[in-house]
Amino acid sequence: MDTTLTQPTGGSTLTLPAGFRWGVATAAYQIEGAVAEDGRTKSIWDTYSHTPGRVDGDDNGDVACDHYHRMPQDVALIRSLGLDTYRFSISWPRVQPGGSGALNPKGIDFYQRLVDELLAAEIDPWITLYHWDLPQELEDAGGWPNRDTAYRFADYAALVFDKLGDRVDNWTTLNEPWCSAMLGYAYGRQAPGYEDFPAGIRAVHHLLLGHGLATQRMREAATALDHPIKLGITLNLGTAHPATDTPEDRDAARRADGLNSRLYLDPLFRGSYPADVIEDLTARGAELPVQEGDLEVISTPIDVLGVNYYTGWLISHLDEDGNTHDADGVIVTRDVPRGRPVTAMGWEIVPECFTELLVRLSQDYPGVPIVITENGAAFEDSPAADGSIHDVERTAYIAEHLNAVQEAVAQGADVRGYFCWSLMDNFEWSYGYEKRFGIVRVDYQTQERTLKDSAIWYRDQVQAWRDSLAG
Ligand code: IFM
């Protein structure tokens, strides 16, 4: 296939610092398939996606991108893009079926082969230990609202680290705990699909506790191995601006920022939950089940903060009908459109909020380097007659967001890398396969992969940046 960009979208060479990492990201359940092979047991996403009506089109991850069987070709694809890092997640029920006991040799063997393949291709593996696929047995025992799940997670992390810790330098404990807790337990929009706000808040605390416990176990193991590793967590973050300059909207924006961002950032980096958020939670009958010593564990120092950014929020204290409280008496905190173009997810494209977020993080939580562990966009792609995909909008989205990162760095933000979400089209959770985030197209009938223009553009930008440093 000719991989020359026929319609260059332009963009000047990036001025990001030497050593900046360039990568792509994926997650196990979204790409692997092979859900019943080699001893893998069910996760909450198998259960959820096989429950009629939960996922658009009743899609599921049974086959997904068949990455489990096509892994070497997919690694070759990343290499062909000239990227230095691949962020992927480990399927907990594949490596530790049922979520307890010893590792499943065949399950861990898959990731050992993946790591070997990456290292041979001179691509740094970046492991995420938990990207939402909780073993179903642990959910049956209470899931993340149950404190014991935090300890099960730390055990699992230690077992995986024992097998891969000598060769993998970069480890992320959790991907987007807000989604696991709030979409999964409070709002019923992701697995396991509960609508129980207090349970969601208990899940927040136990996810963070699990992160801290796992961090401590892996740090100890790395020290014993004398292997300097980088440990971190990935949060999905945005900016929350008031829709109008009124005290009510300003307070609504504060609430949104508190529940979406500070509820995670403060315990991780300041060792305490924000007082105003605790007050908001109490007003909603929810409580963080903190026990003595938990916050010390949660704030165990980490080396990197992973940031996933897609959009910024404009927050109103009124619902669409002008009410300040919903039918259950809950105070309204609503994200309202600002009239900017949107992606296929309906998410507004506001790259300037990305800059603002990164600068704010560096100011409010100084001393922790940031890596953009996800950024990208879903758009409807229509392949041309020759099979090429001129995804101008996705390319523009990535270009604008890279410029936003560059601007943040110029303003003092300590950003060390950028991973595009996603390497390839995949199972977009409750949206099934309709939403395509890949810079590589996947034909789900044939499993053929085709570089979209965005992939070619990204490859060329990274190369131009390298050339500019060398020259
Ligand atoms: O596909 C997801 C990913 O799994 C987590 N972050 C957001 C992406 C797009 O919705």
# chains A, B, ... in the order shown; residues from 1 in each chain; ligands from 1

call {"tool": "residues_near_ligand", "arguments": {"ligand": "ligand 1", "cutoff": "8 Å", "atoms": "only C-alpha atoms and all ligand atoms", "output": "list of chain:residue names"}}
result
A:Thr26, A:Ala27, A:Gln30, A:His131, A:Asn175, A:Glu176, A:Asn236, A:Asn308, A:Tyr310, A:Glu374, A:Gly376, A:Ala377, A:Ala378, A:Trp421, A:Ser422, A:Asn426, A:Phe427, A:Glu428, A:Trp429, A:Phe437

call {"tool": "select_by_dssp", "arguments": {"residues": "stretch 200-288 of chain A", "states": "helix (DSSP H, G or I)", "output": "PyMOL selection string"}}
result
chain A and resi 200-225+247-270+275-283

call {"tool": "closest_residue", "arguments": {"among": "A:Gly438, A:Gly312, A:Pro192, A:Gly471", "to": "A:Ile31", "atoms": "only C-alpha atoms"}}
result
A:Gly438

call {"tool": "residues_around", "arguments": {"residues": "A:Thr446", "least_positions_apart": "6", "cutoff": "12 Å", "atoms": "only C-alpha atoms", "output": "VMD selection string"}}
result
chain A and resid 63 to 66

call {"tool": "select_by_dssp", "arguments": {"residues": "stretch 6-245 of chain A", "states": "strand (DSSP E or B)", "output": "PyMOL selection string"}}
result
chain A and resi 21-25+43+85-89+124-130+135+170-175+230-236+240-242

call {"tool": "write_last_selection", "arguments": {"atoms": "N, CA, C and O atoms", "output": "short mmCIF file (atom, residue, chain, number, x, y, z; two decimals), in the first residue's frame"}}
result
data_model
loop_
_atom_site.label_atom_id
_atom_site.label_comp_id
_atom_site.auth_asym_id
_atom_site.auth_seq_id
_atom_site.Cartn_x
_atom_site.Cartn_y
_atom_site.Cartn_z
N ARG A 21 8.28 11.21 24.37
CA ARG A 21 7.85 9.87 23.90
C ARG A 21 6.70 10.00 22.93
O ARG A 21 5.79 10.80 23.16
N TRP A 22 6.68 9.11 21.95
CA TRP A 22 5.57 9.08 20.99
C TRP A 22 5.00 7.68 20.94
O TRP A 22 5.73 6.72 20.75
N GLY A 23 3.70 7.59 21.10
CA GLY A 23 3.13 6.25 21.12
C GLY A 23 1.70 6.19 20.65
O GLY A 23 1.09 7.18 20.20
N VAL A 24 1.18 4.99 20.77
CA VAL A 24 -0.24 4.72 20.56
C VAL A 24 -0.71 3.85 21.71
O VAL A 24 0.11 3.18 22.37
N ALA A 25 -2.01 3.87 21.96
CA ALA A 25 -2.55 3.13 23.10
C ALA A 25 -3.72 2.24 22.66
O ALA A 25 -4.43 2.55 21.69
N SER A 43 -14.88 -11.46 32.38
CA SER A 43 -14.77 -10.21 33.13
C SER A 43 -16.15 -9.56 33.16
O SER A 43 -17.09 -10.03 32.47
N THR A 85 6.77 3.97 21.75
CA THR A 85 6.09 3.41 22.92
C THR A 85 4.74 2.83 22.53
O THR A 85 4.01 3.42 21.72
N TYR A 86 4.41 1.68 23.11
CA TYR A 86 3.07 1.10 22.92
C TYR A 86 2.46 0.88 24.29
O TYR A 86 2.98 0.12 25.10
N ARG A 87 1.36 1.57 24.54
CA ARG A 87 0.64 1.40 25.80
C ARG A 87 -0.50 0.41 25.56
O ARG A 87 -1.37 0.64 24.71
N PHE A 88 -0.47 -0.69 26.30
CA PHE A 88 -1.52 -1.70 26.19
C PHE A 88 -1.92 -2.12 27.60
O PHE A 88 -1.20 -1.84 28.56
N SER A 89 -3.05 -2.79 27.71
CA SER A 89 -3.44 -3.25 29.05
C SER A 89 -3.43 -4.76 29.12
O SER A 89 -3.52 -5.46 28.11
N ASP A 124 9.07 0.59 23.33
CA ASP A 124 8.96 0.45 24.79
C ASP A 124 7.55 -0.02 25.16
O ASP A 124 6.58 0.65 24.83
N PRO A 125 7.44 -1.14 25.88
CA PRO A 125 6.11 -1.54 26.35
C PRO A 125 5.69 -0.65 27.53
O PRO A 125 6.50 -0.38 28.41
N TRP A 126 4.47 -0.21 27.54
CA TRP A 126 3.92 0.61 28.63
C TRP A 126 2.66 -0.11 29.09
O TRP A 126 1.64 -0.10 28.39
N ILE A 127 2.75 -0.73 30.25
CA ILE A 127 1.66 -1.60 30.69
C ILE A 127 0.65 -0.86 31.56
O ILE A 127 1.02 -0.15 32.50
N THR A 128 -0.62 -1.04 31.24
CA THR A 128 -1.70 -0.65 32.15
C THR A 128 -2.25 -1.93 32.75
O THR A 128 -2.63 -2.85 32.02
N LEU A 129 -2.27 -1.98 34.07
CA LEU A 129 -2.70 -3.22 34.71
C LEU A 129 -4.21 -3.37 34.73
O LEU A 129 -4.72 -4.49 34.73
N TYR A 130 -4.92 -2.27 34.79
CA TYR A 130 -6.38 -2.38 34.89
C TYR A 130 -7.06 -1.37 33.98
O TYR A 130 -7.05 -0.17 34.24
N PRO A 135 -12.34 -9.31 36.85
CA PRO A 135 -12.86 -10.68 36.80
C PRO A 135 -14.27 -10.74 37.40
O PRO A 135 -14.53 -10.16 38.46
N ASN A 170 7.75 0.84 32.28
CA ASN A 170 6.65 1.78 32.53
C ASN A 170 5.37 1.04 32.91
O ASN A 170 4.88 0.21 32.13
N TRP A 171 4.85 1.38 34.08
CA TRP A 171 3.69 0.68 34.63
C TRP A 171 2.63 1.67 35.08
O TRP A 171 2.91 2.56 35.89
N THR A 172 1.42 1.49 34.57
CA THR A 172 0.27 2.27 35.03
C THR A 172 -0.65 1.32 35.78
O THR A 172 -0.96 0.23 35.27
N THR A 173 -1.06 1.72 36.96
CA THR A 173 -1.95 0.84 37.73
C THR A 173 -3.34 0.80 37.11
O THR A 173 -3.79 -0.22 36.62
N LEU A 174 -4.02 1.97 37.13
CA LEU A 174 -5.42 2.02 36.70
C LEU A 174 -5.59 2.96 35.54
O LEU A 174 -4.96 4.02 35.48
N ASN A 175 -6.49 2.61 34.64
CA ASN A 175 -6.92 3.57 33.63
C ASN A 175 -8.25 4.18 34.04
O ASN A 175 -9.24 3.46 34.23
N LYS A 230 9.21 3.29 36.11
CA LYS A 230 8.34 4.45 36.24
C LYS A 230 6.93 3.94 36.53
O LYS A 230 6.36 3.19 35.74
N LEU A 231 6.40 4.37 37.67
CA LEU A 231 5.07 3.94 38.09
C LEU A 231 4.10 5.10 38.04
O LEU A 231 4.45 6.22 38.40
N GLY A 232 2.86 4.81 37.66
CA GLY A 232 1.89 5.90 37.64
C GLY A 232 0.46 5.41 37.56
O GLY A 232 0.18 4.21 37.67
N ILE A 233 -0.41 6.37 37.38
CA ILE A 233 -1.85 6.11 37.24
C ILE A 233 -2.33 7.01 36.11
O ILE A 233 -1.74 8.07 35.87
N THR A 234 -3.39 6.60 35.43
CA THR A 234 -3.95 7.44 34.37
C THR A 234 -5.34 7.92 34.78
O THR A 234 -6.20 7.12 35.16
N LEU A 235 -5.52 9.24 34.70
CA LEU A 235 -6.83 9.84 34.99
C LEU A 235 -7.40 10.47 33.73
O LEU A 235 -6.65 11.00 32.91
N ASN A 236 -8.72 10.42 33.60
CA ASN A 236 -9.36 11.18 32.52
C ASN A 236 -9.74 12.54 33.09
O ASN A 236 -10.50 12.63 34.05
N ALA A 240 -13.36 22.46 33.80
CA ALA A 240 -14.78 22.73 34.05
C ALA A 240 -14.95 24.25 34.20
O ALA A 240 -14.52 24.82 35.21
N HIS A 241 -15.56 24.86 33.21
CA HIS A 241 -15.80 26.31 33.26
C HIS A 241 -17.28 26.56 33.53
O HIS A 241 -18.14 25.82 33.04
N PRO A 242 -17.60 27.64 34.27
CA PRO A 242 -19.02 27.96 34.47
C PRO A 242 -19.66 28.47 33.17
O PRO A 242 -19.02 29.20 32.41
#

call {"tool": "atom_distance", "arguments": {"atom1": "atom CA of A:His227", "atom2": "atom CA of A:Arg94"}}
result
25.9 Å

call {"tool": "closest_residue", "arguments": {"among": "A:Ala396, A:Val371, A:Ile315, A:Val115", "to": "A:Arg334", "atoms": "only C-alpha atoms"}}
result
A:Ile315

call {"tool": "closest_residue", "arguments": {"among": "A:Tyr273, A:Trp92, A:Tyr185, A:Phe161", "to": "A:Glu220", "atoms": "only C-alpha atoms"}}
result
A:Phe161

call {"tool": "closest_residue", "arguments": {"among": "A:Gly99, A:Leu83, A:Thr282, A:Thr395", "to": "A:Phe20", "atoms": "only C-alpha atoms"}}
result
A:Leu83

call {"tool": "closest_residue", "arguments": {"among": "A:Asp386, A:Asp196, A:Asp257, A:Asp321", "to": "A:Gly184", "atoms": "only C-alpha atoms"}}
result
A:Asp196

call {"tool": "atom_distance", "arguments": {"atom1": "atom CA of A:Ser468", "atom2": "atom CA of A:Thr13"}}
result
7.6 Å

call {"tool": "residues_around", "arguments": {"residues": "stretch 406-410 of chain A", "least_positions_apart": "6", "cutoff": "7 Å", "atoms": "only C-alpha atoms", "output": "compact mmCIF listing (two decimals) with N, CA, C and O atoms, in the first residue's frame"}}
result
# COMPACT_ATOMS: atom_id res chain seq x y z
N THR A 15 7.90 21.45 18.31
CA THR A 15 9.11 21.89 19.03
C THR A 15 9.16 21.28 20.42
O THR A 15 9.60 21.91 21.37
N LEU A 16 8.68 20.06 20.54
CA LEU A 16 8.68 19.42 21.86
C LEU A 16 10.10 18.96 22.22
O LEU A 16 10.91 18.71 21.33
N THR A 355 -4.52 22.72 26.82
CA THR A 355 -3.38 23.52 27.29
C THR A 355 -3.64 23.97 28.72
O THR A 355 -2.79 23.83 29.61
N LEU A 358 -3.27 21.17 31.30
CA LEU A 358 -1.88 20.73 31.55
C LEU A 358 -1.11 21.76 32.36
O LEU A 358 -0.34 21.41 33.27
N VAL A 359 -1.34 23.02 32.07
CA VAL A 359 -0.65 24.07 32.82
C VAL A 359 -1.16 24.07 34.26
O VAL A 359 -0.38 24.14 35.22

call {"tool": "closest_residue", "arguments": {"among": "A:Met218, A:Ala181, A:Ala283, A:Leu213", "to": "A:Leu164", "atoms": "only C-alpha atoms"}}
result
A:Met218

call {"tool": "decode", "arguments": {"residues": "stretch 81-96 of chain A", "atoms": "all heavy atoms", "output": "short mmCIF file (atom, residue, chain, number, x, y, z; two decimals), in the first residue's frame"}}
result
data_model
loop_
_atom_site.label_atom_id
_atom_site.label_comp_id
_atom_site.auth_asym_id
_atom_site.auth_seq_id
_atom_site.Cartn_x
_atom_site.Cartn_y
_atom_site.Cartn_z
N LEU A 81 5.05 2.75 11.98
CA LEU A 81 4.72 4.16 12.23
C LEU A 81 5.87 4.90 12.91
O LEU A 81 5.77 6.09 13.18
CB LEU A 81 3.46 4.25 13.09
CG LEU A 81 2.17 3.72 12.43
CD1 LEU A 81 1.01 3.76 13.40
CD2 LEU A 81 1.85 4.51 11.17
N GLY A 82 6.93 4.17 13.22
CA GLY A 82 8.11 4.81 13.79
C GLY A 82 7.90 5.30 15.22
O GLY A 82 8.58 6.23 15.67
N LEU A 83 6.98 4.67 15.96
CA LEU A 83 6.69 5.14 17.32
C LEU A 83 7.59 4.42 18.32
O LEU A 83 8.03 3.30 18.07
CB LEU A 83 5.22 4.90 17.64
CG LEU A 83 4.29 5.61 16.64
CD1 LEU A 83 2.85 5.21 16.85
CD2 LEU A 83 4.45 7.13 16.76
N ASP A 84 7.83 5.07 19.46
CA ASP A 84 8.76 4.46 20.42
C ASP A 84 8.08 3.78 21.58
O ASP A 84 8.74 3.10 22.37
CB ASP A 84 9.77 5.50 20.94
CG ASP A 84 9.10 6.76 21.45
OD1 ASP A 84 8.31 6.66 22.41
OD2 ASP A 84 9.34 7.84 20.88
N THR A 85 6.77 3.97 21.75
CA THR A 85 6.09 3.41 22.92
C THR A 85 4.74 2.83 22.53
O THR A 85 4.01 3.42 21.72
CB THR A 85 5.87 4.50 24.00
OG1 THR A 85 7.13 5.12 24.28
CG2 THR A 85 5.32 3.92 25.29
N TYR A 86 4.41 1.68 23.11
CA TYR A 86 3.07 1.10 22.92
C TYR A 86 2.46 0.88 24.29
O TYR A 86 2.98 0.12 25.10
CB TYR A 86 3.17 -0.23 22.16
CG TYR A 86 1.85 -0.95 22.02
CD1 TYR A 86 0.69 -0.28 21.63
CD2 TYR A 86 1.74 -2.33 22.28
CE1 TYR A 86 -0.52 -0.94 21.50
CE2 TYR A 86 0.54 -3.00 22.16
CZ TYR A 86 -0.59 -2.30 21.77
OH TYR A 86 -1.80 -2.95 21.65
N ARG A 87 1.36 1.57 24.54
CA ARG A 87 0.64 1.40 25.80
C ARG A 87 -0.50 0.41 25.56
O ARG A 87 -1.37 0.64 24.71
CB ARG A 87 0.07 2.75 26.26
CG ARG A 87 -0.87 2.64 27.45
CD ARG A 87 -1.45 3.99 27.86
NE ARG A 87 -2.30 3.82 29.02
CZ ARG A 87 -3.61 4.11 29.04
NH1 ARG A 87 -4.23 4.61 27.99
NH2 ARG A 87 -4.32 3.90 30.13
N PHE A 88 -0.47 -0.69 26.30
CA PHE A 88 -1.52 -1.70 26.19
C PHE A 88 -1.92 -2.12 27.60
O PHE A 88 -1.20 -1.84 28.56
CB PHE A 88 -1.01 -2.92 25.39
CG PHE A 88 0.17 -3.60 26.02
CD1 PHE A 88 0.01 -4.68 26.88
CD2 PHE A 88 1.46 -3.15 25.76
CE1 PHE A 88 1.12 -5.31 27.47
CE2 PHE A 88 2.56 -3.77 26.35
CZ PHE A 88 2.39 -4.84 27.20
N SER A 89 -3.05 -2.79 27.71
CA SER A 89 -3.44 -3.25 29.05
C SER A 89 -3.43 -4.76 29.12
O SER A 89 -3.52 -5.46 28.11
CB SER A 89 -4.80 -2.69 29.47
OG SER A 89 -5.85 -3.44 28.93
N ILE A 90 -3.30 -5.24 30.34
CA ILE A 90 -3.30 -6.67 30.60
C ILE A 90 -4.71 -7.08 31.03
O ILE A 90 -5.34 -6.39 31.84
CB ILE A 90 -2.28 -6.99 31.72
CG1 ILE A 90 -0.91 -6.58 31.20
CG2 ILE A 90 -2.37 -8.44 32.17
CD1 ILE A 90 0.24 -7.42 31.55
N SER A 91 -5.17 -8.15 30.45
CA SER A 91 -6.50 -8.65 30.81
C SER A 91 -6.37 -9.47 32.10
O SER A 91 -5.78 -10.56 32.10
CB SER A 91 -7.02 -9.53 29.67
OG SER A 91 -8.07 -10.36 30.14
N TRP A 92 -6.91 -8.92 33.16
CA TRP A 92 -6.82 -9.59 34.47
C TRP A 92 -7.37 -11.02 34.40
O TRP A 92 -6.69 -11.99 34.82
CB TRP A 92 -7.51 -8.71 35.51
CG TRP A 92 -7.38 -9.10 36.95
CD1 TRP A 92 -6.91 -10.28 37.46
CD2 TRP A 92 -7.73 -8.30 38.08
NE1 TRP A 92 -6.96 -10.26 38.84
CE2 TRP A 92 -7.46 -9.05 39.24
CE3 TRP A 92 -8.25 -7.01 38.23
CZ2 TRP A 92 -7.70 -8.56 40.53
CZ3 TRP A 92 -8.50 -6.52 39.51
CH2 TRP A 92 -8.22 -7.29 40.65
N PRO A 93 -8.57 -11.23 33.84
CA PRO A 93 -9.09 -12.62 33.83
C PRO A 93 -8.36 -13.54 32.87
O PRO A 93 -8.56 -14.75 32.90
CB PRO A 93 -10.55 -12.44 33.42
CG PRO A 93 -10.61 -11.16 32.70
CD PRO A 93 -9.55 -10.28 33.32
N ARG A 94 -7.49 -12.99 32.03
CA ARG A 94 -6.69 -13.87 31.16
C ARG A 94 -5.47 -14.38 31.93
O ARG A 94 -5.11 -15.54 31.82
CB ARG A 94 -6.23 -13.09 29.91
CG ARG A 94 -5.65 -14.00 28.83
CD ARG A 94 -5.16 -13.24 27.61
NE ARG A 94 -6.17 -12.59 26.80
CZ ARG A 94 -7.10 -13.20 26.06
NH1 ARG A 94 -7.17 -14.51 26.05
NH2 ARG A 94 -7.97 -12.50 25.36
N VAL A 95 -4.87 -13.49 32.72
CA VAL A 95 -3.65 -13.92 33.41
C VAL A 95 -3.93 -14.50 34.80
O VAL A 95 -3.14 -15.30 35.29
CB VAL A 95 -2.60 -12.78 33.51
CG1 VAL A 95 -2.22 -12.26 32.13
CG2 VAL A 95 -3.04 -11.66 34.39
N GLN A 96 -5.04 -14.10 35.40
CA GLN A 96 -5.39 -14.66 36.71
C GLN A 96 -6.89 -14.98 36.69
O GLN A 96 -7.70 -14.23 37.25
CB GLN A 96 -5.06 -13.68 37.85
CG GLN A 96 -5.08 -14.32 39.22
CD GLN A 96 -4.96 -13.30 40.35
OE1 GLN A 96 -5.43 -12.17 40.22
NE2 GLN A 96 -4.35 -13.71 41.46
#
